[in-house]
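Structure file input-v2.csv (CSV, C-alpha atoms) is printed below.
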chain,number,residue,atom,x,y,z
A,117,MET,CA,-10.7,-47.5,68.0
A,118,PRO,CA,-11.9,-45.8,64.9
A,119,ARG,CA,-15.4,-46.7,63.9
A,120,HIS,CA,-15.1,-46.3,60.1
A,121,PRO,CA,-11.4,-46.6,59.3
A,122,ASN,CA,-12.0,-46.9,55.5
A,123,LEU,CA,-14.3,-43.8,55.4
A,124,ARG,CA,-11.7,-41.8,57.2
A,125,ARG,CA,-8.9,-42.9,54.9
A,126,TRP,CA,-11.0,-42.1,51.8
A,127,ALA,CA,-11.9,-38.7,53.3
A,128,TRP,CA,-8.1,-37.9,53.7
A,129,ILE,CA,-7.4,-39.2,50.2
A,130,SER,CA,-10.2,-37.1,48.8
A,131,ALA,CA,-9.1,-34.0,50.7
A,132,GLY,CA,-5.6,-34.6,49.5
A,133,LEU,CA,-6.6,-35.0,45.9
A,134,LEU,CA,-8.9,-31.9,46.1
A,135,GLY,CA,-6.1,-29.8,47.6
A,136,GLY,CA,-3.6,-31.0,45.0
A,137,PHE,CA,-6.1,-30.2,42.2
A,138,ILE,CA,-6.6,-26.7,43.5
A,139,ALA,CA,-2.9,-26.1,43.9
A,140,LEU,CA,-2.2,-27.4,40.4
A,141,SER,CA,-5.0,-25.3,38.9
A,142,GLY,CA,-3.7,-22.3,40.7
A,143,ALA,CA,-0.2,-22.9,39.4
A,144,MET,CA,-1.5,-23.4,35.9
A,145,HIS,CA,-3.0,-19.9,36.0
A,146,LEU,CA,0.1,-18.1,37.1
A,147,PRO,CA,1.4,-16.0,34.1
A,148,VAL,CA,5.0,-17.1,34.7
A,149,VAL,CA,3.9,-20.8,34.5
A,150,GLN,CA,1.8,-20.1,31.4
A,151,ARG,CA,4.6,-18.2,29.8
A,152,THR,CA,7.1,-21.0,30.6
A,153,MET,CA,4.8,-23.6,29.2
A,154,GLY,CA,4.0,-21.6,26.1
A,155,TRP,CA,0.3,-21.4,26.8
A,156,VAL,CA,-0.7,-18.4,24.7
A,157,ASP,CA,-4.0,-17.4,23.1
A,158,ALA,CA,-4.6,-16.2,19.6
A,159,ASP,CA,-3.4,-12.7,20.5
A,160,GLY,CA,-0.2,-14.0,22.0
A,161,GLN,CA,-1.2,-13.4,25.6
A,162,VAL,CA,-0.7,-16.0,28.2
A,163,ALA,CA,-3.9,-18.0,28.7
A,164,CYS,CA,-5.6,-20.8,30.6
A,165,PRO,CA,-4.6,-24.1,28.9
A,166,PHE,CA,-8.2,-25.4,29.2
A,167,GLY,CA,-9.4,-22.5,27.1
A,168,HIS,CA,-11.3,-20.8,29.9
A,169,GLY,CA,-11.8,-17.2,29.1
A,170,ALA,CA,-10.6,-17.6,25.5
A,171,THR,CA,-12.2,-15.5,22.8
A,172,GLY,CA,-13.8,-17.4,20.0
A,173,PRO,CA,-13.5,-16.6,16.3
A,174,ARG,CA,-14.3,-13.0,15.5
A,175,ALA,CA,-17.9,-12.2,14.7
A,176,PRO,CA,-18.1,-11.6,10.9
A,177,ARG,CA,-18.2,-7.9,10.1
A,178,GLU,CA,-21.7,-6.6,9.5
A,179,LEU,CA,-22.1,-5.7,5.8
A,180,ASP,CA,-23.5,-2.3,4.9
A,181,MET,CA,-26.1,-3.4,2.3
A,182,SER,CA,-26.6,0.2,1.2
A,183,LEU,CA,-23.2,0.1,-0.4
A,184,SER,CA,-22.5,-1.4,-3.8
A,185,THR,CA,-19.9,-4.2,-4.2
A,186,ALA,CA,-16.5,-3.3,-5.6
A,187,ALA,CA,-15.9,-4.1,-9.3
A,188,SER,CA,-12.7,-5.7,-8.2
A,189,ARG,CA,-10.6,-5.4,-5.0
A,190,PRO,CA,-7.1,-4.3,-5.7
A,191,ALA,CA,-4.6,-4.9,-2.8
A,192,LEU,CA,-1.0,-4.4,-4.0
A,193,GLY,CA,-1.1,-7.6,-6.1
A,194,PHE,CA,-2.5,-9.8,-3.3
A,195,ALA,CA,-6.0,-11.4,-3.2
A,196,LEU,CA,-8.1,-10.5,-0.2
A,197,ASP,CA,-9.9,-13.5,1.2
A,198,ALA,CA,-7.7,-15.8,-0.8
A,199,THR,CA,-4.0,-15.2,-0.2
A,200,THR,CA,-2.7,-17.5,2.6
A,201,ARG,CA,0.3,-17.2,4.9
A,202,ALA,CA,2.0,-19.8,2.8
A,203,ASP,CA,1.5,-17.6,-0.3
A,204,LEU,CA,2.9,-14.7,1.6
A,205,ASP,CA,6.0,-16.7,2.5
A,206,VAL,CA,6.5,-17.6,-1.2
A,207,TRP,CA,6.2,-13.9,-2.1
A,208,ALA,CA,8.6,-12.9,0.6
A,209,SER,CA,11.1,-15.5,-0.5
A,210,ASP,CA,10.8,-14.5,-4.2
A,211,HIS,CA,11.5,-10.8,-3.4
A,212,GLY,CA,14.0,-11.2,-0.6
A,213,VAL,CA,11.7,-9.7,2.0
A,214,THR,CA,11.9,-10.5,5.7
A,215,CYS,CA,8.6,-11.1,7.3
A,216,THR,CA,8.0,-11.9,10.9
A,217,PRO,CA,5.0,-12.6,13.2
A,218,THR,CA,4.0,-9.4,15.1
A,219,PRO,CA,4.4,-9.6,18.8
A,220,ARG,CA,1.1,-9.8,20.6
A,221,SER,CA,-0.8,-9.9,17.2
A,222,PRO,CA,-0.1,-13.4,15.7
A,223,ARG,CA,-2.7,-12.8,13.1
A,224,VAL,CA,-0.5,-10.1,11.6
A,225,VAL,CA,2.7,-10.5,9.7
A,226,THR,CA,5.0,-7.6,9.6
A,227,CYS,CA,7.3,-7.2,6.6
A,228,ASN,CA,10.0,-4.4,6.7
A,229,ASP,CA,11.8,-2.7,3.8
A,230,VAL,CA,9.7,-4.1,1.0
A,231,PRO,CA,11.0,-3.1,-2.4
A,232,ALA,CA,8.6,-1.2,-4.6
A,233,ALA,CA,8.6,-3.9,-7.3
A,234,ALA,CA,7.3,-6.5,-4.8
A,235,LEU,CA,4.2,-4.3,-4.3
A,236,ALA,CA,3.8,-3.5,-8.0
A,237,SER,CA,4.4,0.2,-7.3
A,238,GLY,CA,6.9,2.9,-7.5
A,239,LEU,CA,8.0,3.5,-3.9
A,240,ASP,CA,9.6,1.2,-1.4
A,241,ALA,CA,7.6,0.4,1.7
A,242,THR,CA,9.2,0.9,5.1
A,243,ALA,CA,6.7,-1.5,6.5
A,244,ALA,CA,3.8,-3.7,5.3
A,245,TRP,CA,1.4,-5.4,7.7
A,246,PHE,CA,-0.6,-8.4,6.5
A,247,GLU,CA,-3.5,-9.5,8.6
A,248,PHE,CA,-5.0,-13.0,8.3
A,249,GLY,CA,-8.5,-13.9,9.4
A,250,ASP,CA,-9.9,-16.9,11.1
A,251,GLN,CA,-9.9,-18.9,7.9
A,252,GLY,CA,-6.2,-18.2,7.4
A,253,THR,CA,-6.8,-15.9,4.4
A,254,LEU,CA,-5.7,-12.3,3.9
A,255,ALA,CA,-8.1,-9.8,5.6
A,256,SER,CA,-6.1,-6.6,5.2
A,257,ILE,CA,-2.8,-5.0,4.1
A,258,LYS,CA,-1.4,-1.8,5.4
A,259,THR,CA,1.8,-0.1,4.3
A,260,THR,CA,3.9,3.0,5.1
A,261,ARG,CA,6.2,4.5,2.6
A,262,ARG,CA,8.6,7.3,3.0
A,263,ALA,CA,10.4,9.9,0.8
A,264,ALA,CA,12.5,12.9,1.6
A,265,THR,CA,10.6,15.1,-0.9
A,266,SER,CA,6.9,15.4,-1.7
A,267,ALA,CA,7.1,14.6,-5.4
A,268,PRO,CA,7.5,10.7,-5.1
A,269,VAL,CA,4.8,10.5,-2.5
A,270,ALA,CA,2.4,12.7,-4.5
A,271,ASP,CA,3.1,10.7,-7.7
A,272,GLU,CA,2.5,7.4,-6.0
A,273,TYR,CA,-0.7,8.7,-4.4
A,274,ARG,CA,-2.0,9.8,-7.8
A,275,ALA,CA,-1.0,6.5,-9.5
A,276,THR,CA,-2.6,4.5,-6.7
A,277,GLU,CA,-5.8,6.5,-6.7
A,278,ALA,CA,-6.1,6.1,-10.4
A,279,LEU,CA,-5.6,2.3,-10.2
A,280,VAL,CA,-8.1,1.8,-7.3
A,281,SER,CA,-10.7,4.1,-8.9
A,282,GLN,CA,-10.3,2.3,-12.2
A,283,SER,CA,-10.5,-1.2,-10.6
A,284,ALA,CA,-12.9,-0.9,-7.7
A,285,GLY,CA,-15.0,2.2,-8.5
A,286,ALA,CA,-15.3,5.8,-7.4
A,287,PRO,CA,-14.1,6.9,-4.0
A,288,ALA,CA,-16.4,7.9,-1.2
A,289,VAL,CA,-14.1,10.6,0.0
A,290,ALA,CA,-11.4,12.4,-1.9
A,291,ARG,CA,-9.6,15.4,-0.4
A,292,ASN,CA,-6.9,15.8,-3.0
A,293,GLU,CA,-6.4,19.6,-2.8
A,294,PRO,CA,-3.7,19.3,-0.1
A,295,LEU,CA,-1.6,17.2,-2.5
A,296,ALA,CA,-0.5,20.4,-4.2
A,297,THR,CA,0.4,22.0,-0.9
A,298,LEU,CA,2.1,19.2,0.9
A,299,ASP,CA,5.2,21.2,1.1
A,300,ARG,CA,3.4,24.0,2.9
A,301,GLY,CA,3.9,22.5,6.4
A,302,ALA,CA,3.9,19.5,8.6
A,303,PHE,CA,0.7,17.4,8.7
A,304,HIS,CA,-0.7,18.7,5.4
A,305,GLN,CA,-2.5,15.7,4.2
A,306,ALA,CA,-4.4,14.4,1.2
A,307,VAL,CA,-6.7,11.5,1.6
A,308,VAL,CA,-8.9,9.3,-0.7
A,309,GLU,CA,-11.2,6.7,0.8
A,310,TYR,CA,-13.1,3.9,-0.8
A,311,LYS,CA,-16.1,2.3,0.8
A,312,PHE,CA,-17.8,-0.7,-0.8
A,313,ARG,CA,-19.9,-3.5,0.8
A,314,ASP,CA,-17.1,-6.0,0.4
A,315,TYR,CA,-14.0,-3.8,0.3
A,316,ARG,CA,-12.5,-0.7,1.8
A,317,ALA,CA,-9.3,1.2,1.0
A,318,VAL,CA,-7.7,4.4,2.3
A,319,ILE,CA,-4.7,6.2,0.8
A,320,ARG,CA,-3.1,9.2,2.6
A,321,ALA,CA,-0.2,11.4,1.6
A,322,THR,CA,1.2,13.3,4.7
A,323,ASN,CA,3.9,15.8,5.3
A,324,MET,CA,5.5,14.3,8.5
A,325,GLY,CA,7.8,17.3,9.2
A,326,ASP,CA,10.9,15.3,8.6
A,327,GLY,CA,9.8,13.9,5.3
A,328,PHE,CA,6.8,12.7,3.4
A,329,MET,CA,4.7,9.6,3.9
A,330,LEU,CA,2.3,7.5,1.9
A,331,THR,CA,0.1,5.1,3.8
A,332,GLU,CA,-2.3,2.6,2.2
A,333,GLN,CA,-4.9,0.4,3.7
A,334,TYR,CA,-6.7,-2.4,1.7
A,335,ALA,CA,-9.2,-4.5,3.6
A,336,SER,CA,-11.9,-7.1,3.0
A,337,ASN,CA,-15.3,-6.5,4.7
A,338,LEU,CA,-16.1,-10.2,4.4
A,339,GLN,CA,-14.2,-11.3,7.5
B,145,MET,CA,13.4,64.8,42.9
B,146,SER,CA,10.3,66.9,42.9
B,147,ASN,CA,6.9,65.4,42.9
B,148,THR,CA,6.3,66.8,39.4
B,149,LYS,CA,9.3,65.0,38.0
B,150,LEU,CA,8.4,61.8,39.7
B,151,LEU,CA,4.9,61.9,38.3
B,152,PHE,CA,6.3,62.5,34.8
B,153,LEU,CA,8.7,59.6,35.1
B,154,CYS,CA,5.9,57.3,36.3
B,155,ALA,CA,3.6,58.4,33.5
B,156,ALA,CA,6.3,57.9,30.9
B,157,ALA,CA,7.2,54.4,32.3
B,158,SER,CA,3.5,53.4,32.3
B,159,ILE,CA,3.0,54.6,28.7
B,160,THR,CA,6.2,52.8,27.6
B,161,ALA,CA,5.2,49.6,29.4
B,162,ALA,CA,1.7,49.7,28.0
B,163,GLY,CA,3.1,50.4,24.5
B,164,CYS,CA,5.4,47.4,24.7
B,165,GLY,CA,2.6,45.3,26.1
B,166,ASP,CA,0.3,46.1,23.2
B,167,ASP,CA,2.9,45.3,20.6
B,168,GLU,CA,4.7,42.2,22.0
B,169,GLY,CA,3.8,41.0,25.4
B,170,GLY,CA,0.0,41.3,25.5
B,171,TYR,CA,-0.6,37.5,25.1
B,172,GLU,CA,0.1,35.4,28.2
B,173,PRO,CA,-0.4,31.7,27.6
B,174,THR,CA,-2.6,29.9,30.1
B,175,GLY,CA,0.0,27.2,30.8
B,176,THR,CA,3.7,26.5,30.5
B,177,GLY,CA,3.8,23.2,28.6
B,178,PRO,CA,6.4,22.5,25.8
B,179,ALA,CA,4.2,24.1,23.1
B,180,ALA,CA,2.8,26.9,25.2
B,181,ASN,CA,4.6,29.4,23.0
B,182,VAL,CA,3.9,27.7,19.7
B,183,LEU,CA,1.3,30.0,18.1
B,184,CYS,CA,-1.5,29.1,15.7
B,185,THR,CA,-1.6,31.0,12.4
B,186,SER,CA,-5.3,31.8,12.9
B,187,SER,CA,-5.0,33.5,16.3
B,188,SER,CA,-1.4,34.2,17.2
B,189,MET,CA,-2.1,32.2,20.4
B,190,ASN,CA,-1.2,28.7,21.4
B,191,ALA,CA,-3.4,25.7,20.5
B,192,PHE,CA,-5.1,25.5,23.9
B,193,ASP,CA,-5.9,29.2,24.1
B,194,THR,CA,-7.1,29.2,20.5
B,195,TYR,CA,-9.4,26.2,20.8
B,196,GLY,CA,-10.1,25.6,24.4
B,197,ALA,CA,-10.7,22.6,26.6
B,198,ASP,CA,-13.9,21.4,24.9
B,199,ALA,CA,-12.1,21.2,21.5
B,200,PHE,CA,-9.3,19.2,23.1
B,201,VAL,CA,-11.8,16.8,24.6
B,202,ALA,CA,-13.4,16.4,21.2
B,203,VAL,CA,-10.1,15.7,19.5
B,204,ASN,CA,-9.1,13.3,22.2
B,205,LYS,CA,-12.4,11.4,21.8
B,206,LYS,CA,-11.9,11.3,18.0
B,207,ILE,CA,-8.4,9.9,18.6
B,208,PHE,CA,-9.9,7.1,20.7
B,209,GLU,CA,-12.7,6.5,18.1
B,210,LEU,CA,-10.1,6.0,15.4
B,211,VAL,CA,-7.9,3.9,17.6
B,212,THR,CA,-10.8,1.7,18.5
B,213,ALA,CA,-11.5,1.2,14.8
B,214,GLU,CA,-7.9,0.2,14.3
B,215,LEU,CA,-7.9,-2.2,17.2
B,216,MET,CA,-11.1,-3.8,15.9
B,217,ALA,CA,-9.5,-4.4,12.5
B,218,ASN,CA,-5.9,-5.1,13.4
B,219,GLY,CA,-5.3,-5.9,17.0
B,220,GLU,CA,-2.6,-3.5,18.1
B,221,THR,CA,-0.3,-3.8,15.1
B,222,ASN,CA,-0.8,-0.4,13.6
B,223,VAL,CA,-1.2,1.6,16.7
B,224,GLY,CA,1.5,-0.1,18.8
B,225,ALA,CA,1.2,-1.6,22.2
B,226,SER,CA,0.4,1.7,23.9
B,227,PHE,CA,-3.3,1.3,23.1
B,228,GLY,CA,-3.7,-2.4,22.6
B,229,GLY,CA,-2.6,-3.5,26.0
B,230,VAL,CA,-4.5,-1.0,28.1
B,231,ALA,CA,-6.7,-2.4,30.8
B,232,ASP,CA,-8.4,0.8,31.9
B,233,PHE,CA,-9.3,2.6,28.7
B,234,ALA,CA,-11.3,5.3,30.5
B,235,THR,CA,-8.4,6.4,32.7
B,236,PHE,CA,-6.0,6.2,29.8
B,237,GLU,CA,-8.3,8.5,27.8
B,238,GLY,CA,-8.4,11.1,30.6
B,239,ARG,CA,-4.7,10.9,31.1
B,240,LEU,CA,-4.0,11.5,27.4
B,241,ALA,CA,-6.4,14.4,27.3
B,242,ALA,CA,-4.7,16.0,30.3
B,243,PHE,CA,-1.3,15.4,28.7
B,244,LEU,CA,-2.3,17.0,25.4
B,245,VAL,CA,-3.9,20.0,27.2
B,246,PHE,CA,-0.7,20.6,29.2
B,247,VAL,CA,1.7,20.1,26.2
B,248,TYR,CA,-0.3,22.6,24.1
B,249,GLY,CA,-0.2,25.3,26.6
B,250,GLY,CA,-3.2,24.6,28.8
B,251,PRO,CA,-3.4,24.1,32.6
B,252,ASP,CA,-1.4,21.4,34.4
B,253,SER,CA,-4.5,19.4,35.1
B,254,ILE,CA,-8.0,19.1,33.8
B,255,THR,CA,-11.4,17.7,34.8
B,256,TYR,CA,-12.2,15.3,31.9
B,257,ALA,CA,-15.6,14.3,30.5
B,258,ASP,CA,-15.9,11.6,33.1
B,259,GLY,CA,-15.8,14.2,35.9
B,260,LYS,CA,-12.4,13.0,37.2
B,261,MET,CA,-9.4,15.2,37.5
B,262,TYR,CA,-6.3,14.1,35.5
B,263,GLN,CA,-2.7,15.5,35.8
B,264,GLY,CA,-1.0,16.5,32.5
B,265,ARG,CA,2.2,17.9,33.8
B,266,GLY,CA,4.8,15.4,34.9
B,267,GLN,CA,3.7,12.5,32.7
B,268,ASP,CA,6.8,10.6,31.6
B,269,MET,CA,6.5,9.4,28.0
B,270,THR,CA,9.6,7.3,28.1
B,271,ALA,CA,8.5,5.5,31.2
B,272,ALA,CA,4.9,5.1,29.9
B,273,HIS,CA,6.2,3.4,26.7
B,274,THR,CA,9.0,1.3,28.0
B,275,GLY,CA,8.6,-2.3,27.2
B,276,MET,CA,6.1,-1.7,24.4
B,277,GLY,CA,8.6,-1.9,21.5
B,278,ILE,CA,6.8,0.6,19.4
B,279,THR,CA,8.4,0.9,16.0
B,280,SER,CA,9.1,4.1,14.0
B,281,GLU,CA,6.7,2.8,11.4
B,282,GLN,CA,3.9,2.3,13.9
B,283,TYR,CA,4.5,5.8,15.3
B,284,ASP,CA,4.4,7.3,11.7
B,285,TYR,CA,1.2,5.3,10.9
B,286,PHE,CA,-0.4,6.4,14.1
B,287,ILE,CA,0.3,10.1,13.4
B,288,GLY,CA,-0.8,9.9,9.7
B,289,ASN,CA,-3.9,7.8,10.2
B,290,VAL,CA,-5.1,8.7,13.7
B,291,VAL,CA,-3.7,12.1,14.9
B,292,VAL,CA,-3.9,14.1,11.7
B,293,PRO,CA,-7.4,12.8,10.8
B,294,ALA,CA,-8.6,13.4,14.4
B,295,LEU,CA,-7.6,17.0,14.1
B,296,THR,CA,-9.0,17.7,10.7
B,297,MET,CA,-12.2,15.7,11.4
B,298,SER,CA,-12.7,17.9,14.5
B,299,GLY,CA,-12.6,21.0,12.3
B,300,VAL,CA,-9.1,22.3,12.9
B,301,PRO,CA,-8.0,24.2,9.8
B,302,MET,CA,-5.0,22.7,8.1
B,303,ASP,CA,-2.8,25.8,8.6
B,304,ASP,CA,-3.4,25.6,12.4
B,305,VAL,CA,-2.8,21.8,12.4
B,306,SER,CA,0.5,22.6,10.8
B,307,SER,CA,1.5,25.7,12.7
B,308,CYS,CA,0.6,24.9,16.3
B,309,PHE,CA,-0.4,21.2,16.6
B,310,ALA,CA,2.4,19.5,14.5
B,311,PRO,CA,5.5,20.9,16.2
B,312,PRO,CA,5.5,18.9,19.5
B,313,VAL,CA,4.5,15.7,17.7
B,314,THR,CA,7.1,16.0,14.9
B,315,ASP,CA,9.8,16.9,17.5
B,316,ALA,CA,12.6,14.2,17.1
B,317,ALA,CA,13.2,14.1,20.9
B,318,PHE,CA,9.5,13.5,21.6
B,319,LYS,CA,9.4,10.7,19.0
B,320,ALA,CA,12.5,9.2,20.5
B,321,SER,CA,10.9,9.1,23.9
B,322,ILE,CA,8.2,6.7,22.5
B,323,VAL,CA,9.8,4.7,19.8
B,324,GLY,CA,12.0,1.6,20.5
B,325,LYS,CA,11.5,1.5,24.2
Can I see the file as structure tokens?
Amino acid sequence: MPRHPNLRRWAWISAGLLGGFIALSGAMHLPVVQRTMGWVDADGQVACPFGHGATGPRAPRELDMSLSTAASRPALGFALDATTRADLDVWASDHGVTCTPTPRSPRVVTCNDVPAAALASGLDATAAWFEFGDQGTLASIKTTRRAATSAPVADEYRATEALVSQSAGAPAVARNEPLATLDRGAFHQAVVEYKFRDYRAVIRATNMGDGFMLTEQYASNLQ
Amino acid sequence: MSNTKLLFLCAAASITAAGCGDDEGGYEPTGTGPAANVLCTSSSMNAFDTYGADAFVAVNKKIFELVTAELMANGETNVGASFGGVADFATFEGRLAAFLVFVYGGPDSITYADGKMYQGRGQDMTAAHTGMGITSEQYDYFIGNVVVPALTMSGVPMDDVSSCFAPPVTDAAFKASIVGK
């Protein structure tokens, strides 16, 4: 005859509950279960539903106080640190542009085949990437544009450089000589780079071998 | 055939061979990679034989420095999933260096800066990028904003960048092995 039947029963129940909890926890951490349940982190990776191991908001970028602030921060007609995803959707709708979240990078929206007019410029963009920060406002824009000949790319490079220099201030780096020799061979590249305390921009014109490419980057340093 | 005649023929053959060697065949690339016979304007040798292993390590490190800056700012969007999803960055760095050395006419394998040996020959780009969904725009962006700056920032003259570094990367078949997989 058992001496403490209640104690034994509770021990079995406790062991059963503990075992069930361990099994359930283990199952919840299986990638296939997390994927099925849609448990993903901010970067689109499967994740613990309780948030264990999740990364918090990004640490704010350390500002370089030796740099001056930009007079203004041009970004293809968008407002860094102000434009929201909803604003982008309106813009995309107005210009008939298709934008989609970027796999594995949900902070970034990818827009393909963007007409030049939508970016207040003279050359269509093959792709534009819009990155949004923790506050949901625009942190950066990057674009690629293509042309079969060097002239449209060189013209757009010059126009963009003039606009950014006029609006933001003088560039930190300007290697413009290759612009005149882009046709000379693959990977000939001109670059102009702007570095301010609150803003950075880089414009490159590159001979890609099978055509010419203009890339632009506009980014806030405040997030 | 008399010994005199034989000696004369041997001497003539040697002189001919030497002459040909001086004019055309004097340069023997170190390796046999796809760009082993793509010559730099500055040296009339391939990229590896012109710049050496140390320069390739320096360029490779600059690539990773620029990629890290991209990842910090943009997740993996602009450099594609090939860098963003890597768990073992150190091994990836060594493997890329070995691949570049092999492609540009260096030896089949190298001992990288971490002291480990990495094999360049035999790396399958298609298999390595399958499932990553890298787009043509991401590839272009990576070339224009990482590869070309890494070369020029490392001091490679523009004419050599163009003559002996660009061809393998701009090759349509090479791009096709990476994009859209």
Just want the 12 Å neighbourhood of segment 238-244 of chain A, counted on all atoms listed in the file, with same-chain residues fewer than 5 positions away dropped. Output as a PyMOL selection string. (chain A and resi 191-192+204+208+213-218+224-233+256-264+267-276+328-334) or (chain B and resi 221-222+279-285)
When the cut-off is 6 Å and we count all atoms listed in the file, which residues of chain A are near chain B, given as a PDB file with C-alpha atoms, in the coordinates of the input?
ATOM      1  CA  GLY A 301       3.900  22.500   6.400  1.00  0.00           C
ATOM      2  CA  ALA A 302       3.900  19.500   8.600  1.00  0.00           C
ATOM      3  CA  PHE A 303       0.700  17.400   8.700  1.00  0.00           C
ATOM      4  CA  GLY A 325       7.800  17.300   9.200  1.00  0.00           C
TER       5      GLY A 325
END
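When atom CA of Tyr195 of chain B is paired with atom CA of Leu215 of chain B, their separation reads 28.7 Å.
Excluding segment 177-184 of chain A and any residue on its chain fewer than 4 positions from it, the residues at most 8 Å away by only C-alpha atoms are Lys311, Phe312, Arg313, Asp314, Asn337, Leu338 and Gln339 of chain A.
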Ref. answer, residues at most 10 Å from (-14.6, 9.2, -0.7) with all atoms listed in the file, as a VMD selection string: chain A and resid 286 to 291 307 to 311 317 to 318
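Distances from B:Thr255, B:Phe200, B:Phe236, B:Asn190 to Gln267 of chain B were compared using all atoms listed in the file, and the smallest one belongs to B:Phe236.
Between atom CA of Leu123 of chain A and atom CA of Ile138 of chain A the separation is 22.2 Å.
Ranking A:Ala284, A:Met324, A:Ala198, A:Leu134 by their shortest atom-to-atom distance to Phe248 of chain A, with only C-alpha atoms included, puts A:Ala198 first.
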Is it possible to get the residues within 9 Å of (-5.7, 14.2, 38.3) (coordinates as in the file, counting only C-alpha atoms) written as a ChimeraX atom specification? /B:238-239,242,253-255,260-264
What is the atom CA of Lys206 of chain B-atom CA of Thr235 of chain B distance in Å, reported with one decimal? 15.9 Å
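If you count all atoms listed in the file and ignore residues fewer than 6 places along the chain from Ala179 of chain B, what sits within 6 Å of it is Val247, Tyr248 and Gly249 of chain B.
Considering the residues A:Thr322, A:Ser221, A:Ser266, A:Thr200 and counting all atoms listed in the file, Val290 of chain B has its shortest atom-to-atom contact with A:Thr322.
Proximity to Lys325 of chain B was assessed for B:Met189, B:Val300, B:Met269, B:Leu183 counting only C-alpha atoms; the smallest distance is recorded for B:Met269.
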